[in-house]
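Enquirer: Have a look at the structure that comes next, please.
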Amino acid sequence: GYPLSMLDWLCQIPGERFEYEMNMLLTAHKEGYTITEEYIDTVYLDDNKSSHFRPLMDSFRIYLPILMFSTSSLLSALLDFTLLFLFQRLSHNLFLSVAAARLCSSVFNYSMNRS
């Protein structure tokens with residue numbers, strides 16, 4: 001259940017179905033909302049035939065934000081290593097190479113995660 005004070009915010013979250021729930025959970029803390037877990041009994045009628053969960057498509061939509069974040073981290077790491085080797089080869093100064101590579105990969109990572 002959600003309090004009335006959250007309704008405007010909840011209407012602004014993108015997504016549908018299970019994707020919407022994942023997006024809401026990922027952004028709630030950042031927006032200052034506290035999520036608490038409440039245990040409820042679940043009753044499945046007729047072996048859950050009324051469920052609209054599509055295993056492949058809905059799972060993909062749920063895991064896509066996590067996959068995107070992981071991909072940005074992996075790309076940042078690859079950029080960092082590549083630039084480190086390139087700068088080291090050009091300058092022969094390890095400290096400057098590390099600093100320049102980390103600065104570039106950090107800006108790239110921030111830009112990717114921000115969008």
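Identifiers in this document derive from the order of the structure tokens: chains are assigned A, B, ..., residues are numbered from 1 separately in each chain, and ligands are numbered from 1 in order of occurrence.
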With stretch 16-21 of chain A as the partner and 10 Å as the cut-off, tabulate the residues of stretch 54-87 of chain A that qualify, each row holding the nearest pair of atoms and their distance in Å to one decimal, using only C-alpha atoms, sorted by chain and rising number, as JSON lines.
Expert:
{"residue": "A:Arg54", "atom": "CA", "partner": "A:Phe18", "partner_atom": "CA", "distance": 9.8}
{"residue": "A:Met57", "atom": "CA", "partner": "A:Glu19", "partner_atom": "CA", "distance": 9.9}
{"residue": "A:Asp58", "atom": "CA", "partner": "A:Phe18", "partner_atom": "CA", "distance": 6.4}
{"residue": "A:Ser59", "atom": "CA", "partner": "A:Phe18", "partner_atom": "CA", "distance": 8.2}
{"residue": "A:Phe60", "atom": "CA", "partner": "A:Glu19", "partner_atom": "CA", "distance": 8.8}
{"residue": "A:Arg61", "atom": "CA", "partner": "A:Glu19", "partner_atom": "CA", "distance": 5.4}
{"residue": "A:Ile62", "atom": "CA", "partner": "A:Glu19", "partner_atom": "CA", "distance": 5.0}
{"residue": "A:Tyr63", "atom": "CA", "partner": "A:Glu19", "partner_atom": "CA", "distance": 8.5}
{"residue": "A:Leu64", "atom": "CA", "partner": "A:Glu19", "partner_atom": "CA", "distance": 8.8}
{"residue": "A:Pro65", "atom": "CA", "partner": "A:Glu19", "partner_atom": "CA", "distance": 9.2}
Enquirer: Take the residues from that selection and write them out as a PDB file, in the first residue's frame, keeping C-alpha atoms.
Expert:
ATOM      1  CA  ARG A  54       5.304 -13.302 -18.982  1.00  0.00           C
ATOM      2  CA  MET A  57       9.671 -10.464 -21.388  1.00  0.00           C
ATOM      3  CA  ASP A  58       8.841  -9.396 -17.842  1.00  0.00           C
ATOM      4  CA  SER A  59      12.100 -10.811 -16.458  1.00  0.00           C
ATOM      5  CA  PHE A  60      14.018  -8.896 -19.138  1.00  0.00           C
ATOM      6  CA  ARG A  61      12.233  -5.670 -18.219  1.00  0.00           C
ATOM      7  CA  ILE A  62      12.920  -6.247 -14.515  1.00  0.00           C
ATOM      8  CA  TYR A  63      16.625  -6.954 -14.983  1.00  0.00           C
ATOM      9  CA  LEU A  64      17.277  -4.308 -17.661  1.00  0.00           C
ATOM     10  CA  PRO A  65      18.100  -1.450 -15.211  1.00  0.00           C
TER      11      PRO A  65
END
Enquirer: List every residue of stretch 7-71 of chain A that has an atom at most 12 Å from any atom of stretch 102-111 of chain A, and for each one report the closest atom pair and its distance in Å to one decimal, counting only C-alpha atoms, with rows sorted by chain and then by increasing residue number, as JSON lines.
Expert:
{"residue": "A:Met68", "atom": "CA", "partner": "A:Asn109", "partner_atom": "CA", "distance": 11.7}
{"residue": "A:Phe69", "atom": "CA", "partner": "A:Asn109", "partner_atom": "CA", "distance": 9.6}
{"residue": "A:Ser70", "atom": "CA", "partner": "A:Asn109", "partner_atom": "CA", "distance": 10.7}
{"residue": "A:Thr71", "atom": "CA", "partner": "A:Asn109", "partner_atom": "CA", "distance": 10.1}
Enquirer: Could you take the residues named above and write them with N, CA and C atoms, as a short mmCIF file (atom, residue, chain, number, x, y, z; two decimals), in the first residue's frame?
Expert:
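The resulting file, result13.cif, is reproduced below:
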data_model
loop_
_atom_site.label_atom_id
_atom_site.label_comp_id
_atom_site.auth_asym_id
_atom_site.auth_seq_id
_atom_site.Cartn_x
_atom_site.Cartn_y
_atom_site.Cartn_z
N MET A 68 21.91 -2.54 -17.33
CA MET A 68 22.44 -1.27 -17.85
C MET A 68 23.49 -0.69 -16.90
N PHE A 69 23.23 -0.74 -15.61
CA PHE A 69 24.20 -0.23 -14.64
C PHE A 69 25.48 -1.05 -14.70
N SER A 70 25.36 -2.37 -14.78
CA SER A 70 26.52 -3.24 -14.86
C SER A 70 27.31 -3.00 -16.14
N THR A 71 26.61 -2.77 -17.23
CA THR A 71 27.28 -2.50 -18.51
C THR A 71 28.06 -1.20 -18.45
#
Enquirer: Calculate how many Å separate atom CA of A:Phe85 from atom CA of A:Asn113, rounding to one decimal.
Expert: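 Taking atom CA of A:Phe85 as the start and atom CA of A:Asn113 as the end point, the length is 24.5 Å.
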Enquirer: Would you work out the distance separating atom CA of A:Leu25 from atom CA of A:Leu7, expressed in Å to one decimal?
Expert: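 Atom CA of A:Leu7 lies 14.4 Å from atom CA of A:Leu25.
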Enquirer: Out of chain A, which residues get helix (DSSP H, G or I) from DSSP, as a ChimeraX atom specification?
Expert: /A:4-11,17-28,46-48,55-91,94-114
Enquirer: Considering only C-alpha atoms, state which residue in the set A:Thr82, A:Thr27, A:Asn93, A:Ser73 is at the smallest distance from A:Met112.
Expert: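 Selected residue with least distance to A:Met112: A:Ser73.
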Enquirer: May I have the residues within 12 Å of A:Leu86 as a PyMOL selection string, using only C-alpha atoms and disregarding those fewer than 4 positions away in the same chain?
Expert: chain A and resi 79-82+90-94+96-98+100-101
Enquirer: What's the separation between atom CA of A:Lys30 and atom CA of A:Leu4, in Å to one decimal place?
Expert: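 It comes out at 19.0 Å.
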Enquirer: Which residue gives the smallest distance to A:Pro14 among A:Leu26, A:Leu78, A:Leu84, A:Leu56, with only C-alpha atoms counted?
Expert: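 For A:Pro14, the nearest of the given residues is A:Leu26.
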